[in-house]
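File shown: upload.cif (mmCIF, C-alpha atoms).
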```
data_coords
loop_
_atom_site.label_atom_id
_atom_site.label_comp_id
_atom_site.auth_asym_id
_atom_site.auth_seq_id
_atom_site.Cartn_x
_atom_site.Cartn_y
_atom_site.Cartn_z
CA MET A 16 0.00 0.00 0.00
CA GLU A 17 2.85 2.36 0.78
CA SER A 18 4.20 2.06 -2.75
CA PHE A 19 0.99 3.65 -4.12
CA LEU A 20 1.18 6.68 -1.81
CA SER A 21 3.15 9.81 -2.54
CA PRO A 22 6.05 10.53 -0.17
CA GLY A 23 4.29 13.59 1.23
CA LEU A 24 1.04 11.75 1.89
CA GLN A 25 2.90 8.84 3.45
CA TYR A 26 4.88 11.21 5.65
CA GLY A 27 1.71 12.95 6.75
CA LEU A 28 -0.03 9.70 7.67
CA GLU A 29 2.96 8.57 9.68
CA HIS A 30 2.82 11.76 11.79
CA SER A 31 -0.97 12.06 11.98
CA THR A 32 -2.65 13.11 15.19
CA LEU A 33 -5.77 11.64 16.75
CA THR A 34 -7.93 14.39 15.25
CA CYS A 35 -6.57 13.62 11.78
CA TRP A 36 -7.31 9.91 12.16
CA ILE A 37 -10.88 10.62 13.33
CA ILE A 38 -11.54 12.82 10.28
CA CYS A 39 -9.94 10.21 8.01
CA GLY A 40 -12.25 7.60 9.54
CA PHE A 41 -15.30 9.70 8.71
CA LEU A 42 -14.00 10.23 5.18
CA ALA A 43 -13.46 6.49 4.76
CA LEU A 44 -17.02 5.82 5.99
CA PHE A 45 -18.45 8.36 3.54
CA SER A 46 -16.38 6.91 0.72
CA ILE A 47 -17.48 3.32 1.38
CA THR A 48 -21.15 4.37 1.58
CA SER A 49 -20.90 6.44 -1.59
CA TRP A 50 -19.24 3.69 -3.62
CA ALA A 51 -21.72 1.10 -2.34
CA VAL A 52 -24.63 3.26 -3.48
CA ILE A 53 -23.02 4.08 -6.83
CA LEU A 54 -22.24 0.47 -7.68
CA SER A 55 -25.59 -0.90 -6.50
CA LYS A 56 -27.45 1.83 -8.36
CA HIS A 57 -25.42 1.16 -11.52
CA PHE A 58 -26.32 -2.54 -11.53
CA LEU A 59 -29.95 -1.77 -10.65
CA LEU A 60 -30.36 0.73 -13.49
CA SER A 61 -28.81 -1.73 -15.93
CA ARG A 62 -31.18 -4.46 -14.80
CA VAL A 63 -34.21 -2.17 -14.96
CA HIS A 64 -33.24 -1.02 -18.46
CA LYS A 65 -32.99 -4.59 -19.74
CA ALA A 66 -36.29 -5.53 -18.08
CA ASN A 67 -38.00 -2.48 -19.61
CA LEU A 68 -36.79 -3.38 -23.09
CA SER A 69 -37.98 -6.96 -22.66
CA PHE A 70 -41.43 -5.91 -21.45
CA LEU A 71 -41.79 -3.22 -24.12
CA ARG A 72 -41.07 -5.79 -26.81
CA GLU A 73 -43.71 -8.15 -25.38
CA TYR A 74 -46.26 -5.34 -25.07
CA ARG A 75 -45.84 -4.18 -28.65
CA GLU A 76 -46.07 -7.77 -29.92
CA SER A 77 -49.25 -8.54 -27.95
CA ASN A 78 -52.57 -8.84 -29.79
CA HIS A 79 -54.64 -6.98 -27.22
CA ALA A 80 -53.91 -4.13 -24.83
CA LEU A 81 -54.85 -6.28 -21.80
CA GLU A 82 -53.28 -9.53 -22.98
CA LEU A 83 -50.18 -9.29 -20.78
CA TYR A 84 -52.31 -8.26 -17.82
CA GLN A 85 -54.49 -11.34 -18.31
CA GLN A 86 -51.44 -13.62 -18.41
CA ARG A 87 -50.36 -12.30 -15.00
CA GLU A 88 -46.65 -12.78 -15.65
CA PRO A 89 -44.85 -10.33 -13.36
CA HIS A 90 -41.78 -8.41 -14.50
CA GLU A 91 -40.35 -7.47 -11.14
CA PHE A 92 -37.57 -5.15 -12.28
CA SER A 93 -39.47 -3.48 -15.13
CA SER A 94 -40.80 -0.02 -14.33
CA PHE A 95 -42.83 -0.18 -17.55
CA TYR A 96 -44.64 -3.23 -16.20
CA HIS A 97 -45.61 -1.48 -12.97
CA ILE A 98 -47.05 1.45 -14.95
CA TYR A 99 -48.88 -0.96 -17.26
CA HIS A 100 -50.22 -3.00 -14.34
CA ALA A 101 -51.53 0.09 -12.52
CA ALA A 102 -53.29 1.30 -15.68
CA CYS A 103 -54.79 -2.15 -16.40
CA ARG A 104 -56.14 -2.49 -12.87
CA GLU A 105 -57.93 0.83 -13.14
CA MET A 106 -59.17 0.03 -16.64
CA SER A 107 -60.47 -3.41 -15.59
CA TRP A 108 -62.39 -1.86 -12.73
CA TYR A 109 -64.27 0.49 -15.05
CA LEU A 110 -64.79 -2.15 -17.75
CA LEU A 111 -65.71 -5.21 -15.69
CA GLY A 112 -66.06 -4.06 -12.10
CA GLU A 113 -63.01 -6.07 -10.94
CA ASP A 114 -59.37 -5.09 -10.66
CA GLU A 115 -57.79 -8.55 -10.92
CA PRO A 116 -58.19 -10.91 -13.92
CA GLY A 117 -60.13 -14.06 -13.05
CA THR A 118 -60.99 -17.21 -14.96
CA THR A 119 -63.81 -15.49 -16.85
CA PHE A 120 -61.84 -12.34 -17.55
CA ALA A 121 -61.36 -12.95 -21.29
CA ALA A 122 -65.00 -13.92 -21.84
CA ARG A 123 -66.33 -10.94 -19.95
CA LEU A 124 -63.96 -8.63 -21.76
CA GLN A 125 -65.45 -9.69 -25.10
CA GLY A 126 -68.86 -8.40 -24.08
CA ALA A 127 -67.65 -5.33 -22.22
CA GLY A 128 -68.51 -1.90 -23.51
CA ARG A 129 -66.39 1.19 -23.46
CA ILE A 130 -65.60 3.76 -20.84
CA THR A 131 -66.18 7.50 -20.83
CA PRO A 132 -63.43 10.12 -21.19
CA SER A 133 -63.84 11.07 -17.52
CA GLN A 134 -63.14 7.46 -16.50
CA MET A 135 -60.12 7.46 -18.80
CA ASN A 136 -58.85 10.46 -16.86
CA ALA A 137 -58.83 8.28 -13.73
CA VAL A 138 -56.77 5.67 -15.60
CA GLN A 139 -54.35 8.37 -16.68
CA VAL A 140 -54.01 9.58 -13.08
CA ALA A 141 -53.14 6.01 -12.04
CA MET A 142 -50.41 5.90 -14.69
CA GLU A 143 -49.00 9.27 -13.60
CA ARG A 144 -48.95 8.12 -9.99
CA SER A 145 -47.11 4.94 -10.98
CA VAL A 146 -44.57 6.96 -12.99
CA ALA A 147 -43.89 9.16 -9.94
CA GLU A 148 -43.44 6.12 -7.71
CA ALA A 149 -41.05 4.53 -10.22
CA ALA A 150 -39.01 7.74 -10.37
CA LEU A 151 -38.76 7.80 -6.58
CA ARG A 152 -37.53 4.21 -6.56
CA LEU A 153 -34.88 5.04 -9.14
CA GLU A 154 -33.69 8.07 -7.16
CA ALA A 155 -33.64 6.26 -3.79
CA ARG A 156 -30.42 6.57 -1.74
CA MET A 157 -28.92 9.11 -4.15
CA SER A 158 -28.88 11.58 -1.26
CA TRP A 159 -26.05 9.57 0.32
CA VAL A 160 -23.82 10.24 -2.68
CA ALA A 161 -24.81 13.91 -2.74
CA THR A 162 -24.00 14.19 0.98
CA THR A 163 -20.59 12.61 0.44
CA LEU A 164 -19.51 14.88 -2.42
CA SER A 165 -20.65 17.99 -0.53
CA SER A 166 -19.35 17.04 2.93
CA ALA A 167 -15.97 15.45 2.14
CA PRO A 168 -14.19 18.69 1.09
CA PHE A 169 -15.43 20.47 4.21
CA LEU A 170 -14.27 17.62 6.45
CA GLY A 171 -10.85 17.81 4.77
CA LEU A 172 -10.78 21.57 5.28
CA LEU A 173 -11.71 21.11 8.94
CA GLY A 174 -8.78 18.76 9.45
CA THR A 175 -6.44 21.19 7.71
CA VAL A 176 -7.49 24.17 9.81
CA TRP A 177 -7.33 22.08 12.97
CA GLY A 178 -3.84 20.85 12.14
CA ILE A 179 -2.54 24.36 11.35
CA LEU A 180 -3.93 25.63 14.65
CA ASP A 181 -2.09 22.84 16.45
CA THR A 182 1.10 23.77 14.58
CA PHE A 183 0.83 27.42 15.58
CA SER A 184 0.23 26.35 19.16
CA THR A 185 3.42 24.30 19.05
CA MET A 186 5.34 27.26 17.65
CA THR A 187 4.25 29.62 20.43
CA SER A 188 5.02 27.11 23.17
CA ALA A 189 8.45 26.17 21.83
CA SER A 190 11.36 27.49 23.87
CA SER A 191 13.56 28.08 20.85
CA THR A 192 12.99 29.35 17.34
CA ALA A 193 10.88 26.94 15.29
CA THR A 194 12.57 25.46 12.26
CA LEU A 195 11.22 23.87 9.13
CA ALA A 196 11.98 20.44 10.52
CA THR A 197 9.79 21.06 13.55
CA LEU A 198 6.91 22.59 11.52
CA ALA A 199 6.89 20.06 8.67
CA PRO A 200 5.09 17.21 10.52
CA GLY A 201 2.23 19.42 11.70
CA ILE A 202 1.68 21.18 8.37
CA THR A 203 1.93 17.95 6.37
CA THR A 204 -0.54 16.24 8.68
CA ALA A 205 -2.92 19.18 8.30
CA LEU A 206 -2.83 18.95 4.51
CA VAL A 207 -3.43 15.19 4.50
CA THR A 208 -7.12 15.58 5.37
CA THR A 209 -7.66 18.03 2.50
CA VAL A 210 -6.09 15.59 0.04
CA LEU A 211 -8.19 12.70 1.34
CA GLY A 212 -11.33 14.83 1.28
CA LEU A 213 -10.76 15.66 -2.40
CA LEU A 214 -9.97 12.03 -3.19
CA VAL A 215 -13.35 11.09 -1.71
CA ALA A 216 -15.39 13.95 -3.21
CA ILE A 217 -14.14 13.89 -6.81
CA PRO A 218 -15.05 10.24 -7.63
CA SER A 219 -18.38 10.71 -5.84
CA MET A 220 -19.11 13.76 -7.99
CA VAL A 221 -18.30 11.88 -11.20
CA GLY A 222 -20.44 8.90 -10.18
CA TYR A 223 -23.30 11.11 -9.00
CA ASN A 224 -23.46 13.08 -12.25
CA ALA A 225 -23.36 9.88 -14.31
CA LEU A 226 -26.17 8.31 -12.29
CA VAL A 227 -28.30 11.47 -12.36
CA ASN A 228 -28.06 11.61 -16.16
CA ARG A 229 -29.05 7.94 -16.46
CA ILE A 230 -31.97 8.35 -14.06
CA ARG A 231 -33.16 11.48 -15.85
CA GLY A 232 -33.13 9.68 -19.19
CA MET A 233 -34.96 6.70 -17.69
CA VAL A 234 -37.67 8.95 -16.20
CA VAL A 235 -38.17 10.54 -19.63
CA ARG A 236 -38.62 7.06 -21.12
CA LEU A 237 -41.16 6.27 -18.38
CA ASP A 238 -43.17 9.36 -19.36
CA ASN A 239 -42.97 8.40 -23.03
CA PHE A 240 -44.20 4.87 -22.31
CA ALA A 241 -47.05 6.21 -20.20
CA SER A 242 -48.05 8.49 -23.08
CA GLU A 243 -47.92 5.58 -25.53
CA LEU A 244 -49.98 3.41 -23.18
CA ASN A 245 -52.50 6.19 -22.65
CA ALA A 246 -52.92 6.67 -26.39
CA GLY A 247 -53.41 2.92 -26.96
CA PHE A 248 -56.02 2.63 -24.20
CA ASP A 249 -57.79 5.73 -25.44
CA ARG A 250 -58.16 4.31 -28.96
CA THR A 251 -59.26 0.87 -27.75
CA PHE A 252 -61.52 1.45 -24.76
CA VAL A 253 -62.78 5.06 -24.73
CA ASP A 254 -66.07 6.05 -26.35
CA HIS A 255 -65.77 9.66 -27.46
CA ARG A 256 -69.31 9.83 -28.77
CA PHE A 257 -70.53 10.93 -25.38
CA SER A 258 -70.09 14.67 -25.22
CA ASN A 259 -69.77 16.53 -21.98
CA GLU A 260 -72.97 17.71 -20.38
CA ALA A 261 -73.83 21.16 -21.65
CA LEU A 262 -74.36 24.07 -19.34
CA PRO A 263 -78.03 25.02 -18.77
CA SER A 264 -79.36 27.93 -20.79
CA MET A 265 -80.50 31.17 -19.24
CA SER A 266 -84.14 30.38 -20.02
CA ALA A 267 -83.86 27.09 -18.15
CA LEU A 268 -82.71 28.97 -15.08
CA GLY A 269 -85.89 31.09 -15.10
CA SER A 270 -86.34 34.83 -15.05
CA PRO A 271 -84.64 36.65 -12.19
CA SER A 272 -86.97 38.06 -9.54
CA MET A 273 -86.31 41.73 -8.79
CA PRO A 274 -87.86 43.56 -5.81
CA ALA A 275 -90.70 45.92 -6.73
CA PHE A 276 -90.16 49.62 -6.03
CA THR A 277 -93.23 50.61 -4.00
CA GLY A 278 -93.90 53.18 -1.39
CA SER A 279 -93.71 50.66 1.42
CA SER A 280 -90.87 50.27 3.87
CA THR A 281 -88.74 48.32 1.42
CA SER A 282 -86.40 51.27 0.97
CA PRO A 283 -82.95 50.63 2.40
CA LEU A 284 -82.69 54.28 3.61
CA PRO A 285 -83.33 55.15 7.25
CA THR A 286 -86.64 56.79 8.21
CA SER A 287 -85.10 60.27 8.63
CA MET A 288 -83.47 60.07 5.20
CA GLN A 289 -86.81 58.94 3.69
CA ALA A 290 -88.50 62.07 5.09
CA VAL A 291 -85.82 64.34 3.60
CA HIS A 292 -86.18 62.74 0.20
CA ALA A 293 -89.99 63.01 0.43
CA ARG A 294 -89.84 66.81 1.14
CA ALA A 295 -87.42 67.21 -1.76
#
```

Once more with this new file: its structure as structure tokens, please.
Amino acid sequence: MESFLSPGLQYGLEHSTLTCWIICGFLALFSITSWAVILSKHFLLSRVHKANLSFLREYRESNHALELYQQREPHEFSSFYHIYHAACREMSWYLLGEDEPGTTFAARLQGAGRITPSQMNAVQVAMERSVAEAALRLEARMSWVATTLSSAPFLGLLGTVWGILDTFSTMTSASSTATLATLAPGITTALVTTVLGLLVAIPSMVGYNALVNRIRGMVVRLDNFASELNAGFDRTFVDHRFSNEALPSMSALGSPSMPAFTGSSTSPLPTSMQAVHARA
């Protein structure tokens, strides 16, 4: 391990204080957590992408929009499948009155009618909710990486400032004039934490940006699939012949009743004001 370290970094670690080792321990913990999240998220996104492509191919090759839902073959890692399943459950409820396909599902579907545009809006809301939940699952634990890349430089700076303060304290308490040989261990130790903080933050920043770009592209593909699914359901199951209920006409509301202006006490003016207006 020593052969991979620079002479300055090795010298600083050999003369490190307890404070330096504590900060290095926190940096190591942040680094391990960050790399664990980055690697696990990388493999998860790759698996989800492959599962989405497989399900999308099956969906586009199916003969009916609800065929895959009737087969009840789960695609655990496919976000497309979860969006499709949520939309099919809502659609089945409005078409057949049940949200899970039974033994008579195909036969009942043959005689089912169509749904109204307002009911299709409920199906679309279910798809949008499923897209949001899938995006949250893809972005889970990314805050750990963001915390690492933002906190590691400050932890390194804290160790550096702490070490320099200790060095100045040693200089003031020394009986003789401080030389470079006496100051070198303290200053080198102080700079070690900054180097380690940057070594932790820079790879985390690169991995975080790469993951964020992949997740953003995957969320866009989720929205596109939801739009494609919504268009297919709208063409197959929605009856657009039913127009929205028209607003009632003014004649249907009846003629407005206005108060009659008579000489009775219907005037809103006080009695004294009524007498003045009468004399005028």

Contacts of region 50-56 of chain A at 9 Å (all atoms listed in the file; same-chain gap of 6+ positions) as a ChimeraX atom specification: /A:153-157,159-160,218-219,222-223,226

Which neighbours of Ala150 (chain A) fall inside 12 Å, counting all atoms listed in the file, when residues of the same chain fewer than 6 positions from it are skipped, and could you give them as a PyMOL selection string? chain A and resi 60+63+94-95+97-98+143-144+157+227+229-238

Preceding selection exported with C-alpha atoms as a PDB file, keeping the file's coordinate frame:
```pdb
ATOM      1  CA  LEU A  60     -30.360   0.730 -13.490  1.00  0.00           C
ATOM      2  CA  VAL A  63     -34.210  -2.170 -14.960  1.00  0.00           C
ATOM      3  CA  SER A  94     -40.800  -0.020 -14.330  1.00  0.00           C
ATOM      4  CA  PHE A  95     -42.830  -0.180 -17.550  1.00  0.00           C
ATOM      5  CA  HIS A  97     -45.610  -1.480 -12.970  1.00  0.00           C
ATOM      6  CA  ILE A  98     -47.050   1.450 -14.950  1.00  0.00           C
ATOM      7  CA  GLU A 143     -49.000   9.270 -13.600  1.00  0.00           C
ATOM      8  CA  ARG A 144     -48.950   8.120  -9.990  1.00  0.00           C
ATOM      9  CA  MET A 157     -28.920   9.110  -4.150  1.00  0.00           C
ATOM     10  CA  VAL A 227     -28.300  11.470 -12.360  1.00  0.00           C
ATOM     11  CA  ARG A 229     -29.050   7.940 -16.460  1.00  0.00           C
ATOM     12  CA  ILE A 230     -31.970   8.350 -14.060  1.00  0.00           C
ATOM     13  CA  ARG A 231     -33.160  11.480 -15.850  1.00  0.00           C
ATOM     14  CA  GLY A 232     -33.130   9.680 -19.190  1.00  0.00           C
ATOM     15  CA  MET A 233     -34.960   6.700 -17.690  1.00  0.00           C
ATOM     16  CA  VAL A 234     -37.670   8.950 -16.200  1.00  0.00           C
ATOM     17  CA  VAL A 235     -38.170  10.540 -19.630  1.00  0.00           C
ATOM     18  CA  ARG A 236     -38.620   7.060 -21.120  1.00  0.00           C
ATOM     19  CA  LEU A 237     -41.160   6.270 -18.380  1.00  0.00           C
ATOM     20  CA  ASP A 238     -43.170   9.360 -19.360  1.00  0.00           C
TER      21      ASP A 238
END
```

Which residue out of A:Leu180, A:Ala121, A:Ala101, A:Ala161 has the minimum interatomic distance to Glu148 (chain A) when all atoms listed in the file are used? A:Ala101

CA of Ile202 (chain A) sits from CA of Leu170 (chain A) at a separation of 16.5 Å

Evaluate the PyMOL selection byres ((chain A and resi 174) around 7) here and jot the selected residues down as a PyMOL selection string. chain A and resi 35+38+170-173+175-178+205+208

Just to confirm, what's the straight-line distance from CA of Ser145 (chain A) to CA of Gly112 (chain A) in Å (one decimal)? 21.0 Å

Got a sec to resolve the PyMOL selection byres ((chain A and resi 217) around 12) on this structure and send the residues as a count of residues only? 25

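The shortest atom-to-atom distance to Gly126 (chain A), with all atoms listed in the file taken into account, belongs to A:Leu110 out of A:Gln139, A:Arg104, A:Leu110, A:Leu44.
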
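Counting only C-alpha atoms, the residue from A:Glu113, A:Asp181, A:Glu91, A:Glu82 that sits nearest to Lys65 (chain A) is A:Glu91.
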
Distance criterion (only C-alpha atoms): nearest to Ala66 (chain A) out of A:Pro89, A:Gly201, A:Gly247, A:Gly40: A:Pro89

Around (-61.8, 8.2, -24.1) in the file's frame, which residues reach within 7 Å when counting only C-alpha atoms? Return as a PyMOL selection string? chain A and resi 130-132+135+249+252-255
